[in-house]
Amino acid sequence: AIGIGFSLILSIWFLPAMLSYFQPVGKVRVKRIRRVMSADKWLRKISHVVTNHPKQVIITSVLVGVLGITGIFFIKVDTNIEGYFLGTSKVSRSIKLINEKLGGSQFISILFSGDILSPEILERMEYYEDVLSDDPAVGTVSSPVTLVKELSKGFYNVDEEGYNQIPSTLNEVYQFIEIFTMGGNEEAVEQFLDYNYENSRLLVSLKDGSNAEGKRLLKKMQELVKDDADVSFIAGSSLTKIKLADMVVSGQIKSLMLAMVVVFVLLSLIFRSGRAGFISVLPLSVAILVLFGLMGFFGITLDIATALISSIMIGVGIDYTIHFLWRFKEELARGIDHKEATLKTLTTTGRGIVINALSVIIGFMVLTLSNFAPLRFFGALVVISITTCLICALILIPSIVVLVKPRFLETK
């Protein structure tokens, strides 16, 4: 926002001053430029289509929007950073190895408090371990039970009762832990127990770090320990991602609604008509539906990076819309009809809109070469978004204006 503000100041203050030092372009040069601008030919064809078939254009746009709505239902929200790296990268290969061979790279912990080394609590932990270990998304499950049962192997023979079992008394459990700690294994103990043995955790590693599996496993854990008074809470990196995903979705909805309201109010004030705001929101709505529909159909997840695209698209799309409507209003003020005004607007301001859009598209296409997946998808989706906004500005908006002939564009 700050950068755009400075760009505005430079455009209306610095740029005109610089242009005043240059000589005007000669007529021969202007004619040559006009011949080179092959876009004029296409803009004239677009003008012919929108002025002669506005209903068909609007109906087609509505159908495209409906198709986009269908795709929205397939959108997946995922903030799993494991998917941010392409399969050929060293990071991606390392994560895959950890998930397949070492239990998983993400964790969820069940926190216990109270008399956490009592055999009763340890037996419940053991039960939770057994249940969670059978889950397909879980790699490993470890807790103080794992530690105590492993220590028991050093005190009992294989054929003796107590081998690989939880001791029957609290005192015996303490002895196991204290002996193990005095052997220089404080770090191993600290993974599961605090210094005063008042809090402990059951640590679950996930082979599948997706948000969907994380949510499912969280629900399973909550159901499993809901009646356990010694469980303080469930936490972990996977739950942080799930919360982040929920924030992305809610933030996306709020930002889109706010942006649409701002666009409506802004255009209504500029043209002093509520209809102007409504007409301006329509093409943006189509562009948004196309964007999210494509994300759903092609399996592109909604994450922190892709959530930014809709805001950029609205900012650019409304820019093109204002350019067209303002020039169209000026052309009507000269006394020409709507068809001629459409042709004049498209072959003048329309040319600038095309050049603007192509410049932005080329700039963002660089991101599609990135090895970082969010940036690659971000670049590709921005290109699609700007292209959609360009089409709406050059085809849908003129069709609506020609068909409806809104009064706010007519000079009183």
# chains A, B, ... in the order shown; residues from 1 in each chain; ligands from 1
>>> closest_atom_pairs(of="region 105-159 of chain A", to="region 213-231 of chain A", cutoff="12 Å", atoms="only C-alpha atoms", output="tab-separated table")
residue	atom	partner	partner_atom	distance
A:Gln106	CA	A:Gly214	CA	9.7
A:Phe107	CA	A:Gly214	CA	9.6
A:Ile108	CA	A:Leu218	CA	8.3
A:Ser109	CA	A:Met221	CA	9.8
A:Ile110	CA	A:Val231	CA	7.0
A:Leu111	CA	A:Val231	CA	5.8
A:Phe112	CA	A:Val231	CA	4.4
A:Ser113	CA	A:Asp230	CA	5.6
A:Gly114	CA	A:Asp230	CA	6.5
A:Asp115	CA	A:Asp230	CA	8.5
A:Ile116	CA	A:Asp230	CA	8.1
A:Leu117	CA	A:Asp230	CA	11.5
A:Ser118	CA	A:Asp230	CA	11.2
A:Glu120	CA	A:Asp230	CA	10.6
A:Ile121	CA	A:Asp230	CA	7.8
A:Leu122	CA	A:Asp230	CA	10.9
A:Arg124	CA	A:Asp228	CA	8.8
A:Met125	CA	A:Val225	CA	9.9
A:Tyr127	CA	A:Leu224	CA	9.9
A:Tyr128	CA	A:Leu224	CA	7.5
A:Glu129	CA	A:Met221	CA	10.7
A:Asp130	CA	A:Leu224	CA	11.6
A:Val131	CA	A:Leu224	CA	8.8
A:Leu132	CA	A:Met221	CA	8.1
A:Ser133	CA	A:Leu217	CA	11.4
A:Asp134	CA	A:Leu217	CA	11.6
A:Asp135	CA	A:Leu217	CA	8.3
A:Pro136	CA	A:Glu213	CA	9.6
A:Ala137	CA	A:Glu213	CA	6.8
A:Val138	CA	A:Leu217	CA	8.6
>>> select_by_dssp(residues="region 132-271 of chain A", states="alpha helix (DSSP H)", output="count of residues only")
79
>>> atom_distance(atom1="CA of Ala305 (chain A)", atom2="CA of Phe377 (chain A)")
8.4 Å
>>> residues_around(residues="region 170-183 of chain A", least_positions_apart="6", cutoff="12 Å", atoms="only C-alpha atoms", output="MDAnalysis selection string")
chainID A and resid 115:122 144:156 162 189:190 192:193 195:197
>>> write_last_selection(atoms="C-alpha atoms", output="short mmCIF file (atom, residue, chain, number, x, y, z; two decimals), in the first residue's frame")
data_model
loop_
_atom_site.label_atom_id
_atom_site.label_comp_id
_atom_site.auth_asym_id
_atom_site.auth_seq_id
_atom_site.Cartn_x
_atom_site.Cartn_y
_atom_site.Cartn_z
CA ASP A 115 0.92 -37.27 40.02
CA ILE A 116 2.17 -38.14 36.55
CA LEU A 117 4.39 -41.10 37.53
CA SER A 118 1.67 -43.01 39.35
CA PRO A 119 1.03 -46.45 37.82
CA GLU A 120 -2.64 -45.54 37.22
CA ILE A 121 -1.76 -42.56 34.99
CA LEU A 122 1.00 -44.50 33.25
CA PRO A 144 7.17 -41.75 30.11
CA VAL A 145 5.64 -45.21 29.70
CA THR A 146 8.04 -45.91 26.85
CA LEU A 147 10.93 -44.86 29.08
CA VAL A 148 9.82 -46.82 32.14
CA LYS A 149 9.11 -50.03 30.23
CA GLU A 150 12.48 -49.82 28.52
CA LEU A 151 14.22 -49.30 31.88
CA SER A 152 12.45 -52.33 33.33
CA LYS A 153 14.34 -54.50 30.86
CA GLY A 154 17.54 -53.66 32.72
CA PHE A 155 16.12 -54.75 36.10
CA TYR A 156 14.32 -57.93 35.13
CA GLY A 162 7.93 -56.89 35.44
CA VAL A 189 13.99 -37.70 30.60
CA GLU A 190 13.34 -34.02 29.88
CA PHE A 192 8.72 -36.31 28.59
CA LEU A 193 8.96 -34.95 32.16
CA TYR A 195 12.12 -31.06 36.55
CA ASN A 196 9.66 -31.60 39.43
CA TYR A 197 7.84 -34.52 37.80
#
>>> select_by_dssp(residues="region 51-275 of chain A", states="strand (DSSP E)", output="list in words")
Gln106, Phe107, Ile108, Ser109, Ile110, Leu111, Phe112, Ser113, Val138, Gly139, Thr140, Val141, Ser142, Asn199, Ser200, Arg201, Leu202, Leu203, Val204, Ser205, Leu206, Val231, Ser232, Phe233, Ile234 and Ala235 of chain A
>>> closest_residue(among="A:Phe364, A:Phe14, A:Phe297, A:Phe233", to="Thr387 (chain A)", atoms="only C-alpha atoms")
A:Phe364
>>> residues_around(residues="region 310-314 of chain A", least_positions_apart="6", cutoff="8 Å", atoms="only C-alpha atoms", output="number ranges by chain")
A: 255-256, 259, 284, 288, 382, 385-386, 389
>>> closest_residue(among="A:Leu394, A:Val141, A:Ser285, A:Ile300", to="Leu346 (chain A)", atoms="only C-alpha atoms")
A:Leu394
>>> residues_around(residues="Ile361 (chain A)", least_positions_apart="5", cutoff="12 Å", atoms="only C-alpha atoms", output="compact mmCIF listing (two decimals) with C-alpha atoms, in the first residue's frame")
# COMPACT_ATOMS: atom_id res chain seq x y z
CA MET A 313 -6.80 -9.21 -8.25
CA VAL A 316 -5.89 -4.53 -10.33
CA VAL A 354 -3.78 -4.19 -22.34
CA ILE A 355 -0.23 -2.84 -22.03
CA ASN A 356 -0.66 -2.43 -18.27
CA VAL A 366 9.11 -14.77 -13.22
CA LEU A 367 7.75 -16.32 -10.01
CA THR A 368 6.62 -19.43 -11.91
CA PHE A 378 1.32 -17.57 -6.59
CA GLY A 379 2.93 -16.38 -9.83
CA ALA A 380 0.78 -18.64 -12.01
CA LEU A 381 -2.44 -17.67 -10.26
CA VAL A 382 -1.66 -13.95 -10.44
CA VAL A 383 -1.14 -14.33 -14.20
CA ILE A 384 -4.51 -16.09 -14.48
CA SER A 385 -6.15 -13.46 -12.25
CA ILE A 386 -4.83 -10.49 -14.21
CA THR A 387 -5.82 -12.16 -17.48
CA THR A 388 -9.34 -12.73 -16.16
CA CYS A 389 -9.59 -9.11 -14.98
CA LEU A 390 -8.36 -7.94 -18.38
>>> residues_around(residues="region 55-70 of chain A", least_positions_apart="4", cutoff="10 Å", atoms="only C-alpha atoms", output="PyMOL selection string")
chain A and resi 49-51+74-75+282-283+285-297+392+395-400+402-403
>>> residues_around(residues="Lys76 (chain A)", least_positions_apart="6", cutoff="10 Å", atoms="only C-alpha atoms", output="MDAnalysis selection string")
chainID A and resid 211:212 245 295:296 299:303
>>> write_last_selection(atoms="N, CA and C atoms", output="tab-separated table (two decimals), in the first residue's frame")
chain	number	residue	atom	x	y	z
A	211	ASN	N	-3.25	-31.06	6.72
A	211	ASN	CA	-4.22	-30.50	7.66
A	211	ASN	C	-5.40	-31.44	7.87
A	212	ALA	N	-5.81	-32.13	6.81
A	212	ALA	CA	-6.96	-33.03	6.92
A	212	ALA	C	-6.68	-34.15	7.91
A	245	ALA	N	-4.50	-22.54	9.28
A	245	ALA	CA	-5.37	-22.78	8.13
A	245	ALA	C	-6.75	-22.18	8.35
A	295	MET	N	-8.50	-23.13	-8.82
A	295	MET	CA	-7.74	-23.70	-7.70
A	295	MET	C	-8.35	-25.02	-7.25
A	296	GLY	N	-9.69	-25.07	-7.22
A	296	GLY	CA	-10.36	-26.30	-6.82
A	296	GLY	C	-10.19	-27.41	-7.83
A	299	GLY	N	-6.51	-28.67	-7.95
A	299	GLY	CA	-5.95	-29.15	-6.69
A	299	GLY	C	-4.91	-28.23	-6.07
A	300	ILE	N	-4.99	-26.93	-6.37
A	300	ILE	CA	-4.07	-25.97	-5.77
A	300	ILE	C	-4.61	-25.57	-4.40
A	301	THR	N	-3.84	-25.80	-3.37
A	301	THR	CA	-4.32	-25.55	-2.02
A	301	THR	C	-4.36	-24.06	-1.70
A	302	LEU	N	-5.29	-23.70	-0.84
A	302	LEU	CA	-5.37	-22.34	-0.34
A	302	LEU	C	-4.46	-22.24	0.88
A	303	ASP	N	-3.38	-21.48	0.76
A	303	ASP	CA	-2.45	-21.31	1.87
A	303	ASP	C	-2.14	-19.83	2.05
>>> decode(residues="region 354-367 of chain A", atoms="N, CA and C atoms", output="PDB file, in the first residue's frame")
ATOM      1  N   VAL A 354      -4.469  -2.983 -21.852  1.00  0.00           N
ATOM      2  CA  VAL A 354      -3.785  -4.188 -22.340  1.00  0.00           C
ATOM      3  C   VAL A 354      -2.293  -4.129 -22.019  1.00  0.00           C
ATOM      4  N   ILE A 355      -1.669  -2.985 -22.295  1.00  0.00           N
ATOM      5  CA  ILE A 355      -0.234  -2.837 -22.030  1.00  0.00           C
ATOM      6  C   ILE A 355       0.048  -2.963 -20.535  1.00  0.00           C
ATOM      7  N   ASN A 356      -0.805  -2.339 -19.731  1.00  0.00           N
ATOM      8  CA  ASN A 356      -0.661  -2.431 -18.274  1.00  0.00           C
ATOM      9  C   ASN A 356      -0.736  -3.880 -17.819  1.00  0.00           C
ATOM     10  N   ALA A 357      -1.758  -4.598 -18.297  1.00  0.00           N
ATOM     11  CA  ALA A 357      -1.947  -5.988 -17.890  1.00  0.00           C
ATOM     12  C   ALA A 357      -0.784  -6.862 -18.330  1.00  0.00           C
ATOM     13  N   LEU A 358      -0.323  -6.682 -19.557  1.00  0.00           N
ATOM     14  CA  LEU A 358       0.792  -7.486 -20.056  1.00  0.00           C
ATOM     15  C   LEU A 358       2.063  -7.233 -19.247  1.00  0.00           C
ATOM     16  N   SER A 359       2.270  -5.988 -18.841  1.00  0.00           N
ATOM     17  CA  SER A 359       3.453  -5.661 -18.037  1.00  0.00           C
ATOM     18  C   SER A 359       3.406  -6.379 -16.690  1.00  0.00           C
ATOM     19  N   VAL A 360       2.233  -6.352 -16.066  1.00  0.00           N
ATOM     20  CA  VAL A 360       2.078  -7.022 -14.771  1.00  0.00           C
ATOM     21  C   VAL A 360       2.225  -8.536 -14.928  1.00  0.00           C
ATOM     22  N   ILE A 361       1.630  -9.080 -15.983  1.00  0.00           N
ATOM     23  CA  ILE A 361       1.697 -10.526 -16.228  1.00  0.00           C
ATOM     24  C   ILE A 361       3.135 -10.980 -16.419  1.00  0.00           C
ATOM     25  N   ILE A 362       3.879 -10.251 -17.242  1.00  0.00           N
ATOM     26  CA  ILE A 362       5.279 -10.613 -17.495  1.00  0.00           C
ATOM     27  C   ILE A 362       6.095 -10.542 -16.205  1.00  0.00           C
ATOM     28  N   GLY A 363       5.816  -9.523 -15.386  1.00  0.00           N
ATOM     29  CA  GLY A 363       6.539  -9.381 -14.123  1.00  0.00           C
ATOM     30  C   GLY A 363       6.305 -10.549 -13.183  1.00  0.00           C
ATOM     31  N   PHE A 364       5.050 -10.982 -13.072  1.00  0.00           N
ATOM     32  CA  PHE A 364       4.737 -12.074 -12.147  1.00  0.00           C
ATOM     33  C   PHE A 364       5.070 -13.444 -12.718  1.00  0.00           C
ATOM     34  N   MET A 365       5.223 -13.555 -14.027  1.00  0.00           N
ATOM     35  CA  MET A 365       5.573 -14.849 -14.617  1.00  0.00           C
ATOM     36  C   MET A 365       6.942 -15.332 -14.152  1.00  0.00           C
ATOM     37  N   VAL A 366       7.785 -14.396 -13.725  1.00  0.00           N
ATOM     38  CA  VAL A 366       9.110 -14.772 -13.221  1.00  0.00           C
ATOM     39  C   VAL A 366       8.982 -15.708 -12.017  1.00  0.00           C
ATOM     40  N   LEU A 367       7.930 -15.503 -11.211  1.00  0.00           N
ATOM     41  CA  LEU A 367       7.748 -16.318 -10.008  1.00  0.00           C
ATOM     42  C   LEU A 367       7.453 -17.777 -10.340  1.00  0.00           C
TER      43      LEU A 367
END
